[in-house]
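Structure data (TSV, C-alpha atoms and all ligand atoms) from my_file.tsv:
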```tsv
chain	number	residue	atom	x	y	z
A	1	MET	CA	0.00	0.00	0.00
A	2	THR	CA	1.44	3.42	-0.94
A	3	SER	CA	1.51	6.08	1.77
A	4	LYS	CA	-0.96	8.09	-0.34
A	5	SER	CA	-3.59	5.31	-0.35
A	6	ALA	CA	-2.97	4.61	3.35
A	7	ALA	CA	-3.69	8.26	4.10
A	8	HIS	CA	-6.78	8.12	1.92
A	9	ILE	CA	-8.18	5.09	3.78
A	10	LYS	CA	-7.45	6.75	7.12
A	11	MET	CA	-9.47	9.78	6.08
A	12	LYS	CA	-12.52	7.90	4.85
A	13	ASN	CA	-15.46	8.33	7.17
A	14	ILE	CA	-17.70	5.40	7.99
A	15	PRO	CA	-21.19	6.62	8.90
A	16	PHE	CA	-23.38	4.91	11.47
A	17	ASN	CA	-26.15	4.39	8.94
A	18	ARG	CA	-26.41	4.68	5.17
A	19	VAL	CA	-29.73	4.53	3.36
A	20	HIS	CA	-30.00	1.42	1.18
A	21	LEU	CA	-31.78	1.73	-2.17
A	22	THR	CA	-32.85	-1.23	-4.29
A	23	GLY	CA	-32.66	0.81	-7.54
A	24	ARG	CA	-36.37	0.45	-8.21
A	25	GLU	CA	-37.43	3.57	-6.32
A	26	ILE	CA	-37.43	6.08	-9.21
A	27	ASP	CA	-39.44	3.73	-11.47
A	28	ALA	CA	-41.94	3.22	-8.67
A	29	PHE	CA	-42.30	7.00	-8.23
A	30	LYS	CA	-42.83	7.38	-11.97
A	31	MET	CA	-45.52	4.72	-12.00
A	32	ALA	CA	-47.33	6.43	-9.13
A	33	LEU	CA	-47.09	9.79	-10.91
A	34	ASP	CA	-48.33	8.29	-14.18
A	35	ALA	CA	-51.26	6.67	-12.38
A	36	GLY	CA	-52.17	10.18	-11.24
A	37	GLN	CA	-53.21	9.22	-7.73
A	38	LEU	CA	-50.93	10.74	-5.14
A	39	SER	CA	-53.14	10.60	-2.07
A	40	GLY	CA	-53.09	7.37	-0.08
A	41	GLY	CA	-55.04	4.26	-0.95
A	42	GLY	CA	-53.87	3.48	-4.50
A	43	ASP	CA	-52.34	0.38	-6.09
A	44	PHE	CA	-49.00	0.62	-4.31
A	45	THR	CA	-50.70	0.95	-0.93
A	46	ARG	CA	-52.83	-2.11	-1.72
A	47	LYS	CA	-49.78	-4.12	-2.78
A	48	CYS	CA	-47.95	-3.25	0.44
A	49	HIS	CA	-51.02	-4.17	2.51
A	50	ALA	CA	-51.39	-7.53	0.77
A	51	TRP	CA	-47.67	-8.32	1.13
A	52	LEU	CA	-47.65	-7.44	4.83
A	53	ARG	CA	-50.81	-9.45	5.51
A	54	GLU	CA	-49.50	-12.49	3.72
A	55	ARG	CA	-46.06	-12.25	5.21
A	56	THR	CA	-47.14	-11.68	8.82
A	57	GLY	CA	-50.47	-13.48	9.01
A	58	ALA	CA	-52.13	-10.30	10.37
A	59	THR	CA	-55.86	-9.99	9.67
A	60	ALA	CA	-55.26	-6.43	8.45
A	61	ALA	CA	-52.13	-4.45	7.63
A	62	LEU	CA	-52.42	-0.71	7.13
A	63	LEU	CA	-49.66	1.65	6.06
A	64	THR	CA	-49.24	4.70	8.27
A	65	HIS	CA	-47.10	7.81	8.07
A	66	SER	CA	-44.87	6.41	10.85
A	67	CYS	CA	-44.62	3.78	13.53
A	68	THR	CA	-45.50	6.61	15.91
A	69	GLY	CA	-48.81	6.94	14.03
A	70	ALA	CA	-49.36	3.16	14.11
A	71	LEU	CA	-48.84	3.15	17.89
A	72	GLU	CA	-51.31	6.01	18.26
A	73	MET	CA	-53.83	4.08	16.17
A	74	ALA	CA	-53.26	1.00	18.32
A	75	ALA	CA	-53.92	3.06	21.45
A	76	LEU	CA	-57.22	4.27	19.95
A	77	LEU	CA	-58.22	0.75	18.90
A	78	ALA	CA	-57.41	-0.65	22.33
A	79	GLU	CA	-59.62	2.11	23.77
A	80	ILE	CA	-56.94	3.23	26.14
A	81	GLY	CA	-58.41	6.08	28.15
A	82	PRO	CA	-57.81	8.43	31.08
A	83	GLY	CA	-56.48	6.64	34.14
A	84	ASP	CA	-55.65	3.40	32.32
A	85	GLU	CA	-52.16	2.02	32.76
A	86	VAL	CA	-49.93	0.53	30.09
A	87	ILE	CA	-46.87	-1.50	31.07
A	88	MET	CA	-43.79	-0.98	28.89
A	89	PRO	CA	-40.00	-1.01	29.18
A	90	SER	CA	-38.28	2.20	30.23
A	91	TYR	CA	-35.63	1.47	27.61
A	92	THR	CA	-37.56	2.47	24.50
A	93	PHE	CA	-38.23	5.34	22.13
A	94	VAL	CA	-40.54	8.18	23.21
A	95	SER	CA	-43.28	7.20	20.74
A	96	THR	CA	-44.07	4.04	22.73
A	97	ALA	CA	-45.04	6.18	25.72
A	98	ASN	CA	-46.45	9.20	23.87
A	99	ALA	CA	-49.14	7.04	22.24
A	100	VAL	CA	-50.40	6.20	25.72
A	101	VAL	CA	-50.05	9.67	27.23
A	102	LEU	CA	-51.96	11.19	24.30
A	103	ARG	CA	-54.96	9.09	25.41
A	104	GLY	CA	-54.71	10.44	28.98
A	105	ALA	CA	-53.32	7.14	30.24
A	106	VAL	CA	-50.23	6.37	32.29
A	107	PRO	CA	-47.16	4.53	30.97
A	108	VAL	CA	-45.86	2.24	33.69
A	109	PHE	CA	-42.16	1.64	33.19
A	110	VAL	CA	-40.39	-1.57	34.15
A	111	ASP	CA	-36.82	-2.81	33.79
A	112	VAL	CA	-35.39	-4.77	30.84
A	113	ARG	CA	-33.56	-8.11	30.71
A	114	PRO	CA	-29.76	-7.96	30.64
A	115	ASP	CA	-29.47	-10.46	27.77
A	116	THR	CA	-31.93	-9.19	25.13
A	117	ILE	CA	-32.55	-5.67	26.51
A	118	ASN	CA	-36.25	-6.41	26.10
A	119	ILE	CA	-38.91	-5.86	28.75
A	120	ASP	CA	-38.26	-8.20	31.68
A	121	GLU	CA	-41.32	-10.43	31.51
A	122	LYS	CA	-40.72	-11.39	35.15
A	123	ALA	CA	-41.11	-7.74	36.18
A	124	ILE	CA	-44.51	-7.32	34.53
A	125	GLU	CA	-46.85	-9.12	36.92
A	126	ALA	CA	-45.84	-7.07	39.96
A	127	ALA	CA	-46.58	-3.88	38.00
A	128	ILE	CA	-50.16	-4.94	37.15
A	129	THR	CA	-52.91	-3.05	39.01
A	130	LYS	CA	-56.67	-2.93	38.54
A	131	ARG	CA	-56.06	-0.03	36.13
A	132	THR	CA	-53.73	-1.97	33.84
A	133	LYS	CA	-55.19	-2.32	30.36
A	134	VAL	CA	-52.31	-3.10	28.02
A	135	ILE	CA	-48.84	-4.64	27.97
A	136	LEU	CA	-46.65	-2.95	25.36
A	137	PRO	CA	-43.50	-5.00	24.69
A	138	VAL	CA	-40.81	-3.51	22.42
A	139	HIS	CA	-38.72	-5.92	20.34
A	140	TYR	CA	-35.33	-4.24	20.72
A	141	ALA	CA	-32.99	-4.64	17.75
A	142	GLY	CA	-35.49	-6.94	16.02
A	143	VAL	CA	-35.03	-9.62	18.71
A	144	SER	CA	-38.34	-10.80	20.09
A	145	CYS	CA	-39.51	-10.34	23.67
A	146	ALA	CA	-40.53	-13.51	25.54
A	147	MET	CA	-43.93	-13.46	23.88
A	148	ASP	CA	-45.26	-16.78	25.24
A	149	GLU	CA	-44.82	-15.56	28.81
A	150	ILE	CA	-46.23	-12.11	27.97
A	151	LEU	CA	-49.30	-13.56	26.21
A	152	ALA	CA	-49.92	-15.91	29.14
A	153	LEU	CA	-49.81	-12.99	31.58
A	154	ALA	CA	-52.12	-10.96	29.35
A	155	GLU	CA	-54.59	-13.80	29.18
A	156	ALA	CA	-54.52	-14.40	32.93
A	157	HIS	CA	-55.20	-10.70	33.62
A	158	GLN	CA	-57.37	-10.03	30.54
A	159	LEU	CA	-55.01	-7.47	29.09
A	160	ILE	CA	-54.43	-6.35	25.51
A	161	VAL	CA	-50.96	-6.79	23.98
A	162	ILE	CA	-49.65	-4.14	21.59
A	163	GLU	CA	-46.23	-4.95	20.13
A	164	ASP	CA	-43.88	-2.12	19.31
A	165	ALA	CA	-42.16	-3.89	16.42
A	166	ALA	CA	-40.65	-0.67	15.01
A	167	GLN	CA	-37.37	-2.52	14.49
A	168	GLY	CA	-38.88	-5.91	13.68
A	169	ILE	CA	-39.63	-6.17	9.94
A	170	GLY	CA	-38.86	-9.69	8.74
A	171	ALA	CA	-38.02	-10.97	12.24
A	172	ALA	CA	-39.95	-13.70	14.03
A	173	TYR	CA	-40.58	-15.47	17.32
A	174	ARG	CA	-41.12	-19.21	17.01
A	175	GLY	CA	-41.86	-18.66	13.33
A	176	LYS	CA	-44.45	-15.95	13.96
A	177	ALA	CA	-43.78	-12.48	12.52
A	178	LEU	CA	-43.06	-9.75	15.07
A	179	GLY	CA	-46.02	-7.40	15.28
A	180	ALA	CA	-48.47	-10.21	14.49
A	181	ILE	CA	-48.26	-12.06	17.81
A	182	GLY	CA	-50.21	-9.79	20.17
A	183	HIS	CA	-53.56	-8.12	19.41
A	184	LEU	CA	-51.97	-5.18	17.57
A	185	GLY	CA	-48.48	-4.41	16.30
A	186	ALA	CA	-46.62	-1.41	14.90
A	187	LEU	CA	-43.78	-1.46	12.33
A	188	SER	CA	-41.48	1.38	11.26
A	189	PHE	CA	-40.14	2.14	7.79
A	190	HIS	CA	-38.18	5.20	8.93
A	191	ALA	CA	-34.93	5.82	7.02
A	192	THR	CA	-32.93	4.23	9.86
A	193	LYS	CA	-34.79	0.90	9.69
A	194	ASN	CA	-34.09	-2.24	7.61
A	195	ILE	CA	-36.83	-1.50	5.06
A	196	ILE	CA	-37.48	2.16	4.46
A	197	SER	CA	-39.70	4.80	2.92
A	198	GLY	CA	-38.11	7.87	4.55
A	199	GLU	CA	-40.84	8.22	7.12
A	200	GLY	CA	-43.35	5.39	7.27
A	201	GLY	CA	-44.88	2.60	9.28
A	202	ALA	CA	-47.66	0.05	9.42
A	203	LEU	CA	-50.26	-1.11	11.87
A	204	LEU	CA	-50.80	-4.86	12.05
A	205	VAL	CA	-54.21	-5.91	13.33
A	206	ASN	CA	-54.42	-9.46	14.59
A	207	ASP	CA	-58.05	-9.56	15.59
A	208	GLU	CA	-60.50	-9.33	12.72
A	209	LYS	CA	-63.10	-7.69	14.94
A	210	LEU	CA	-60.86	-4.60	14.89
A	211	ASP	CA	-60.11	-4.54	11.15
A	212	GLU	CA	-62.95	-2.27	10.08
A	213	ARG	CA	-62.52	0.22	12.89
A	214	ALA	CA	-58.78	0.37	12.14
A	215	GLU	CA	-59.52	1.39	8.54
A	216	ILE	CA	-61.89	4.10	9.72
A	217	ILE	CA	-59.55	5.55	12.38
A	218	ARG	CA	-56.75	5.75	9.80
A	219	GLU	CA	-58.94	7.72	7.36
A	220	LYS	CA	-59.86	10.60	9.70
A	221	GLY	CA	-62.71	8.61	11.21
A	222	THR	CA	-64.44	8.11	7.82
A	223	ASP	CA	-65.35	5.06	5.75
A	224	ARG	CA	-63.29	6.33	2.78
A	225	SER	CA	-61.64	2.89	2.42
A	226	ARG	CA	-65.03	1.31	1.76
A	227	PHE	CA	-65.81	4.13	-0.67
A	228	LEU	CA	-62.53	3.46	-2.56
A	229	ARG	CA	-63.52	-0.21	-2.84
A	230	GLY	CA	-66.91	0.80	-4.24
A	231	GLU	CA	-68.78	-0.60	-1.24
A	232	VAL	CA	-70.52	2.73	-0.44
A	233	ASP	CA	-71.34	5.60	-2.80
A	234	LYS	CA	-70.14	8.38	-0.48
A	235	TYR	CA	-68.06	8.48	2.63
A	236	THR	CA	-68.96	10.10	5.93
A	237	TRP	CA	-67.71	10.66	9.46
A	238	GLN	CA	-68.16	7.40	11.37
A	239	ASP	CA	-65.86	7.51	14.40
A	240	ILE	CA	-62.93	9.39	15.90
A	241	GLY	CA	-59.76	9.21	13.86
A	242	SER	CA	-56.99	11.17	12.27
A	243	SER	CA	-54.92	11.27	9.09
A	244	PHE	CA	-52.61	8.34	9.66
A	245	LEU	CA	-52.13	7.22	6.07
A	246	PRO	CA	-49.09	7.98	3.88
A	247	SER	CA	-49.25	9.35	0.36
A	248	GLU	CA	-49.12	6.95	-2.58
A	249	LEU	CA	-45.57	8.18	-3.35
A	250	ILE	CA	-44.41	6.84	0.00
A	251	ALA	CA	-46.20	3.55	-0.66
A	252	ALA	CA	-44.52	3.37	-4.10
A	253	PHE	CA	-41.11	3.85	-2.49
A	254	LEU	CA	-41.91	1.21	0.11
A	255	TRP	CA	-43.03	-1.23	-2.58
A	256	SER	CA	-39.61	-0.90	-4.20
A	257	GLN	CA	-38.14	-2.37	-0.99
A	258	LEU	CA	-40.72	-4.51	0.82
A	259	PRO	CA	-40.61	-7.59	-1.45
A	260	GLU	CA	-36.81	-7.61	-0.96
A	261	THR	CA	-37.07	-7.81	2.83
A	262	ASP	CA	-35.40	-11.21	3.10
A	263	ALA	CA	-32.55	-10.32	0.74
A	264	ILE	CA	-31.89	-7.02	2.53
A	265	ASN	CA	-32.04	-8.67	5.95
A	266	ALA	CA	-29.69	-11.43	4.73
A	267	LYS	CA	-27.08	-8.81	3.84
A	268	ARG	CA	-27.46	-7.24	7.29
A	269	LEU	CA	-27.28	-10.66	8.99
A	270	ARG	CA	-24.00	-11.42	7.25
A	271	ILE	CA	-22.50	-8.19	8.62
A	272	TRP	CA	-24.00	-8.87	12.07
A	273	ASP	CA	-22.44	-12.36	12.09
A	274	ARG	CA	-19.03	-10.97	11.09
A	275	TYR	CA	-19.11	-8.50	14.00
A	276	HIS	CA	-20.26	-11.23	16.33
A	277	ALA	CA	-17.43	-13.57	15.40
A	278	ALA	CA	-14.86	-10.78	15.50
A	279	PHE	CA	-15.76	-9.65	19.03
A	280	ALA	CA	-15.94	-13.11	20.60
A	281	GLU	CA	-12.41	-12.81	21.89
A	282	LEU	CA	-13.08	-9.44	23.54
A	283	GLU	CA	-16.11	-10.92	25.25
A	284	TYR	CA	-14.17	-13.97	26.50
A	285	ALA	CA	-11.56	-11.56	27.84
A	286	GLY	CA	-14.35	-9.82	29.78
A	287	ARG	CA	-13.95	-6.50	27.97
A	288	VAL	CA	-17.36	-6.24	26.31
A	289	LYS	CA	-20.62	-8.14	26.22
A	290	ARG	CA	-22.08	-9.13	22.85
A	291	PRO	CA	-25.83	-9.36	22.03
A	292	THR	CA	-27.71	-12.54	22.95
A	293	ILE	CA	-30.21	-14.08	20.54
A	294	PRO	CA	-32.49	-16.57	22.33
A	295	GLN	CA	-33.21	-19.80	20.45
A	296	ASP	CA	-36.85	-18.85	19.87
A	297	CYS	CA	-35.90	-15.67	18.00
A	298	GLN	CA	-35.18	-15.28	14.31
A	299	HIS	CA	-33.76	-11.75	14.33
A	300	ASN	CA	-33.27	-9.33	11.45
A	301	ALA	CA	-29.89	-7.80	12.30
A	302	HIS	CA	-31.40	-4.39	12.85
A	303	ILE	CA	-28.67	-3.37	15.30
A	304	TYR	CA	-25.25	-4.67	16.25
A	305	TYR	CA	-24.31	-3.34	19.67
A	306	LEU	CA	-21.64	-3.96	22.26
A	307	LEU	CA	-22.17	-3.47	25.98
A	308	PHE	CA	-19.39	-1.84	27.97
A	309	ASP	CA	-19.36	-1.95	31.74
A	310	SER	CA	-19.48	1.82	32.26
A	311	LEU	CA	-20.28	5.10	30.57
A	312	GLU	CA	-16.58	5.99	30.61
A	313	ALA	CA	-15.61	2.75	28.87
A	314	ARG	CA	-18.35	3.23	26.25
A	315	GLU	CA	-17.42	6.85	25.61
A	316	GLY	CA	-13.73	5.92	25.38
A	317	ALA	CA	-14.54	3.39	22.66
A	318	ARG	CA	-16.78	5.89	20.90
A	319	ARG	CA	-14.05	8.51	20.93
A	320	ALA	CA	-11.49	6.05	19.55
A	321	LEU	CA	-13.86	5.20	16.70
A	322	GLY	CA	-14.64	8.89	16.15
A	323	ALA	CA	-10.94	9.72	15.90
A	324	ALA	CA	-10.74	7.17	13.07
A	325	GLY	CA	-13.73	8.75	11.30
A	326	ILE	CA	-16.17	6.03	12.39
A	327	SER	CA	-19.59	6.99	13.80
A	328	ALA	CA	-21.02	4.80	16.51
A	329	SER	CA	-24.10	5.61	18.49
A	330	ALA	CA	-25.53	5.21	21.99
A	331	HIS	CA	-29.29	4.65	22.24
A	332	TYR	CA	-32.25	5.56	24.42
A	333	VAL	CA	-32.25	7.80	27.48
A	334	PRO	CA	-34.46	5.73	29.84
A	335	LEU	CA	-37.98	7.11	29.80
A	336	HIS	CA	-38.56	6.75	33.56
A	337	SER	CA	-35.78	9.29	34.15
A	338	ALA	CA	-36.70	11.72	31.32
A	339	PRO	CA	-38.58	14.90	32.26
A	340	ALA	CA	-41.80	13.82	30.49
A	341	GLY	CA	-41.46	10.27	31.81
A	342	ARG	CA	-41.37	11.58	35.38
A	343	ARG	CA	-44.30	13.88	34.66
A	344	PHE	CA	-46.62	11.48	32.84
A	345	GLY	CA	-45.42	8.01	33.78
A	346	ARG	CA	-44.99	5.74	36.77
A	347	ALA	CA	-41.76	3.87	37.45
A	348	HIS	CA	-42.22	0.40	38.86
A	349	GLY	CA	-39.36	-1.31	40.65
A	350	ARG	CA	-35.64	-0.94	40.07
A	351	PHE	CA	-33.99	-0.01	36.78
A	352	ASP	CA	-30.52	-1.40	37.31
A	353	VAL	CA	-30.33	-3.07	33.90
A	354	THR	CA	-31.95	-0.17	32.04
A	355	GLU	CA	-29.49	2.28	33.54
A	356	SER	CA	-26.41	0.19	32.92
A	357	VAL	CA	-27.52	-0.52	29.33
A	358	SER	CA	-28.21	3.14	28.70
A	359	ASP	CA	-24.66	3.96	29.87
A	360	GLY	CA	-22.89	1.02	28.30
A	361	LEU	CA	-24.53	0.30	24.95
A	362	LEU	CA	-22.78	1.29	21.73
A	363	ARG	CA	-24.31	0.64	18.29
A	364	LEU	CA	-21.84	0.03	15.47
A	365	PRO	CA	-22.23	0.93	11.77
A	366	LEU	CA	-24.53	-1.62	10.10
A	367	TYR	CA	-26.12	-1.23	6.70
A	368	PRO	CA	-26.37	-3.52	3.67
A	369	ASP	CA	-23.76	-1.57	1.71
A	370	LEU	CA	-21.11	-1.58	4.45
A	371	SER	CA	-18.06	-3.12	2.74
A	372	ASP	CA	-16.01	-5.86	4.39
A	373	GLU	CA	-13.06	-3.51	4.24
A	374	ASP	CA	-14.88	-0.78	6.17
A	375	GLN	CA	-16.29	-3.25	8.64
A	376	ASP	CA	-12.80	-4.68	9.22
A	377	ARG	CA	-11.63	-1.17	10.06
A	378	VAL	CA	-14.39	-0.77	12.66
A	379	ILE	CA	-13.39	-4.11	14.16
A	380	GLU	CA	-9.71	-3.30	14.13
A	381	VAL	CA	-10.06	0.13	15.71
A	382	LEU	CA	-12.28	-1.21	18.49
A	383	THR	CA	-10.19	-4.31	19.15
A	384	THR	CA	-6.94	-2.35	19.25
A	385	PHE	CA	-8.46	0.24	21.56
A	386	GLN	CA	-9.95	-2.35	23.92
A	387	LYS	CA	-6.73	-4.34	24.15
A	388	ALA	CA	-4.72	-1.19	24.88
A	389	SER	CA	-7.09	0.21	27.51
B	401	LIG	C1	-38.94	1.21	19.61
B	401	LIG	C2	-39.41	2.30	18.69
B	401	LIG	N1	-40.72	2.60	18.64
B	401	LIG	C3	-41.20	3.56	17.82
B	401	LIG	C4	-40.37	4.27	16.99
B	401	LIG	C5	-40.94	5.35	16.11
B	401	LIG	O1	-40.82	5.03	14.76
B	401	LIG	P1	-41.18	6.12	13.64
B	401	LIG	O2	-39.95	6.98	13.48
B	401	LIG	O3	-41.48	5.32	12.40
B	401	LIG	O4	-42.35	6.89	14.09
B	401	LIG	C6	-39.00	4.00	17.00
B	401	LIG	C7	-38.09	4.76	16.14
B	401	LIG	O5	-36.92	4.57	16.07
B	401	LIG	C8	-38.50	2.98	17.87
B	401	LIG	O6	-37.19	2.69	17.94
```
Could you render the structure from this file as C-alpha cells?
Ligand SMILES: Cc1ncc(COP(=O)(O)O)c(C=O)c1O
Amino acid sequence: MTSKSAAHIKMKNIPFNRVHLTGREIDAFKMALDAGQLSGGGDFTRKCHAWLRERTGATAALLTHSCTGALEMAALLAEIGPGDEVIMPSYTFVSTANAVVLRGAVPVFVDVRPDTINIDEKAIEAAITKRTKVILPVHYAGVSCAMDEILALAEAHQLIVIEDAAQGIGAAYRGKALGAIGHLGALSFHATKNIISGEGGALLVNDEKLDERAEIIREKGTDRSRFLRGEVDKYTWQDIGSSFLPSELIAAFLWSQLPETDAINAKRLRIWDRYHAAFAELEYAGRVKRPTIPQDCQHNAHIYYLLFDSLEAREGARRALGAAGISASAHYVPLHSAPAGRRFGRAHGRFDVTESVSDGLLRLPLYPDLSDEDQDRVIEVLTTFQKAS
C-alpha cells in the first residue's frame, strides 16, 4: 500500500447508517405519478397491505405515516383512556409512551432483561394493578420479547398486547412475525430501519373484529376505504380518527423495498455475524458483552451493539472510533428518568439493567452496503483500543 492510499483510507469516514436503495425507487415514483393518484389508498398501498398481511399473518395491515402513528392508532383501537395504565419497558423510544399519554393514560415503566434488553417479563406481573389495560412490549434490535410468557400474563389478567415492532420487519418469534403475535403491532419504515420509505410505518391488526374500525380511524374517522372499494357511494364521518395514512408516493417507495425484505435482511445478517465472530475474543476476555439471541428468536440484524461496563468505557470506545472517522451511536435515554417520563409516567421497581444498558450500549455501523473492508476497520479500531485500555 502506498503512503498516499494509506492516508486516503485513514481519512474515509464510515457513517453509522447509510440509506439502502434497491434501484427500483425512481421507477416506482414514476408509475405512481403516471397513475395520477398521489393521495393514499392506491395500487402501491394495496400491494404493500397484501404483502404485509400475507407475510405476517395479520388480519389487516395498514400503512401509516410512521410507527409513531401506528402506535397512536393501536392506542385508539385498544380504547386506552384516562387513568388506564400501560406496562412498557423504560428502555424504548418516546413514541411508545407518547401514544399512551396522548390518550390520557399512564405509561408504567419496568426494567429490561440484561441479555436481550427487552422488557423483563418477570417484572410485569408485579406492575399490574386494577387499572392496567395493556402490555406494550418492544422488540429491541429486532429480537423478540418472551412473547409466550407475555401472552400468558395478558390472558390471565385479561389485558391487551400491543407490540412495538418498530425494528422488527422480517423478524420472528417461534416462526411468527413480530407485530403479528399480540392483538396489535406497529412497524417502522423510517430511514434508519431495515426497510425504508423515509418516514413510514404500518399497523398490524391481529383480531379481525378490529379490522374495520382500524380502517376508519386511519382515514380521519371516515369510511373512505369502503368508498374506494366501491362498497358505499359516499363516505362520511363514522368515528374518531386522524390522518394516519401515507401518500401513494411513499407507498410506491416502500413497494420498491418490501418484497426484498429477506434479501436485505440477509445482507445485514452477514454483517451482524461478522461482527459477532470478530468480538468473541473481547467478550471472553471480559472486555465487552455481545448481544444474545435466544433460540426462539429469528432476528433481522437491525442493530449490532456492544455493551461496555461503564459510561466511561463506552465513551472511550466511541471517541477512539470517532478519531478514526467512524460513527457509533448510543441509544435511548431511559424514559422513567426523562422529564416527560417523570411527569406522565410511573416507574415500577428498580432499573438497574436499564441504567447500565443506557450507559454502556454502543451501536456500530450496520447497513447492507457496508463493505467488508470498512467493517474490518471498525473491528480493528475497536479491538486495538480495547486491548490497549
Ligand atoms: C422502539 C421504537 N418505537 C417507535 C419508533 C418510532 O418510529 P417512527 O420513526 O417510524 O415513528 C421507533 C423509532 O426509532 C422505535 O425505535
Find the spatial neighbours of Ser95 in chain A, counting all atoms listed in the file, within a cut-off of 8 Å - ignore same-chain residues fewer than 4 positions away - and output them as a VMD selection string.
chain A and resid 68 71 99
Check the smallest atom-to-atom distance from each of A:Ile326, A:Ala252, A:Ala340, A:Leu364 to Ile26 in chain A using only C-alpha atoms, then report the winner.
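Of the candidates, the smallest distance to Ile26 in chain A is held by A:Ala252.
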Which polymer residues, whether protein, DNA or RNA, lie within 12 Å of the coordinate (-15.2, 0.7, 33.1) when you count only C-alpha atoms? List them as a PyMOL selection string, using the chain letters and numbers from the file.
chain A and resi 286-288+307-317+356+359-360+386+389
Quick one: everything within 8 Å of range 213-220 of chain A, counting all atoms listed in the file, minus sequence neighbours fewer than 4 positions away in the same chain. Send it as a PDB file with C-alpha atoms, keeping the file's coordinate frame.
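This went into around24.pdb:
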```pdb
ATOM      1  CA  LEU A  62     -52.420  -0.710   7.130  1.00  0.00           C
ATOM      2  CA  THR A  64     -49.240   4.700   8.270  1.00  0.00           C
ATOM      3  CA  MET A  73     -53.830   4.080  16.170  1.00  0.00           C
ATOM      4  CA  LEU A  77     -58.220   0.750  18.900  1.00  0.00           C
ATOM      5  CA  VAL A 205     -54.210  -5.910  13.330  1.00  0.00           C
ATOM      6  CA  ARG A 224     -63.290   6.330   2.780  1.00  0.00           C
ATOM      7  CA  SER A 225     -61.640   2.890   2.420  1.00  0.00           C
ATOM      8  CA  TRP A 237     -67.710  10.660   9.460  1.00  0.00           C
ATOM      9  CA  GLN A 238     -68.160   7.400  11.370  1.00  0.00           C
ATOM     10  CA  ASP A 239     -65.860   7.510  14.400  1.00  0.00           C
ATOM     11  CA  ILE A 240     -62.930   9.390  15.900  1.00  0.00           C
ATOM     12  CA  GLY A 241     -59.760   9.210  13.860  1.00  0.00           C
ATOM     13  CA  SER A 242     -56.990  11.170  12.270  1.00  0.00           C
ATOM     14  CA  SER A 243     -54.920  11.270   9.090  1.00  0.00           C
ATOM     15  CA  PHE A 244     -52.610   8.340   9.660  1.00  0.00           C
ATOM     16  CA  LEU A 245     -52.130   7.220   6.070  1.00  0.00           C
TER      17      LEU A 245
END
```
Shell around Gly170 in chain A at 8 Å using all atoms listed in the file, local window under 5 positions removed, as an NGL selection string:
:A and (177-178 or 261-262 or 265 or 299-300)
Correct to one decimal, the distance CA of Phe93 in chain A-CA of Glu54 in chain A is 28.0 Å
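Among all protein and nucleic acid residues, the ones that lie within 6 Å of ligand LIG 401 (chain B) when counting all atoms listed in the file are Ser66, Cys67, Thr68, Thr92, Phe93, Ser95, Thr96, Val138, Asp164, Ala166, Ser188, Phe189, His190, Gly200 and Gly201 of chain A.
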From the list A:Gly69, A:Gly36, A:Gly41, A:Pro89, the nearest residue to Phe351 in chain A using only C-alpha atoms is A:Pro89
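With all atoms listed in the file as the atoms that count, the residue of A:Glu380, A:Glu248, A:Glu283, A:Glu208 with the shortest distance to Leu33 in chain A is A:Glu248.
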My list of candidates is A:Gly221, A:Ala171, A:Tyr332, A:Val108. Which is closest to Thr236 in chain A when distances are computed with all atoms listed in the file?
A:Gly221
Exercise: residues within 12 Å of coordinate (-20.6, -9.8, 6.8), counting all atoms listed in the file, as a ChimeraX atom specification
/A:265-278,301,304,365-376,379
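From CA of Ala78 in chain A back to CA of Ala105 in chain A, the distance works out to 11.8 Å.
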Closest of A:Leu335, A:Leu203, A:Ala50, A:Ile14 to Arg377 in chain A - atom-to-atom distances counting all atoms listed in the file:
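Counting all atoms listed in the file, the residue closest to Arg377 in chain A is A:Ile14.
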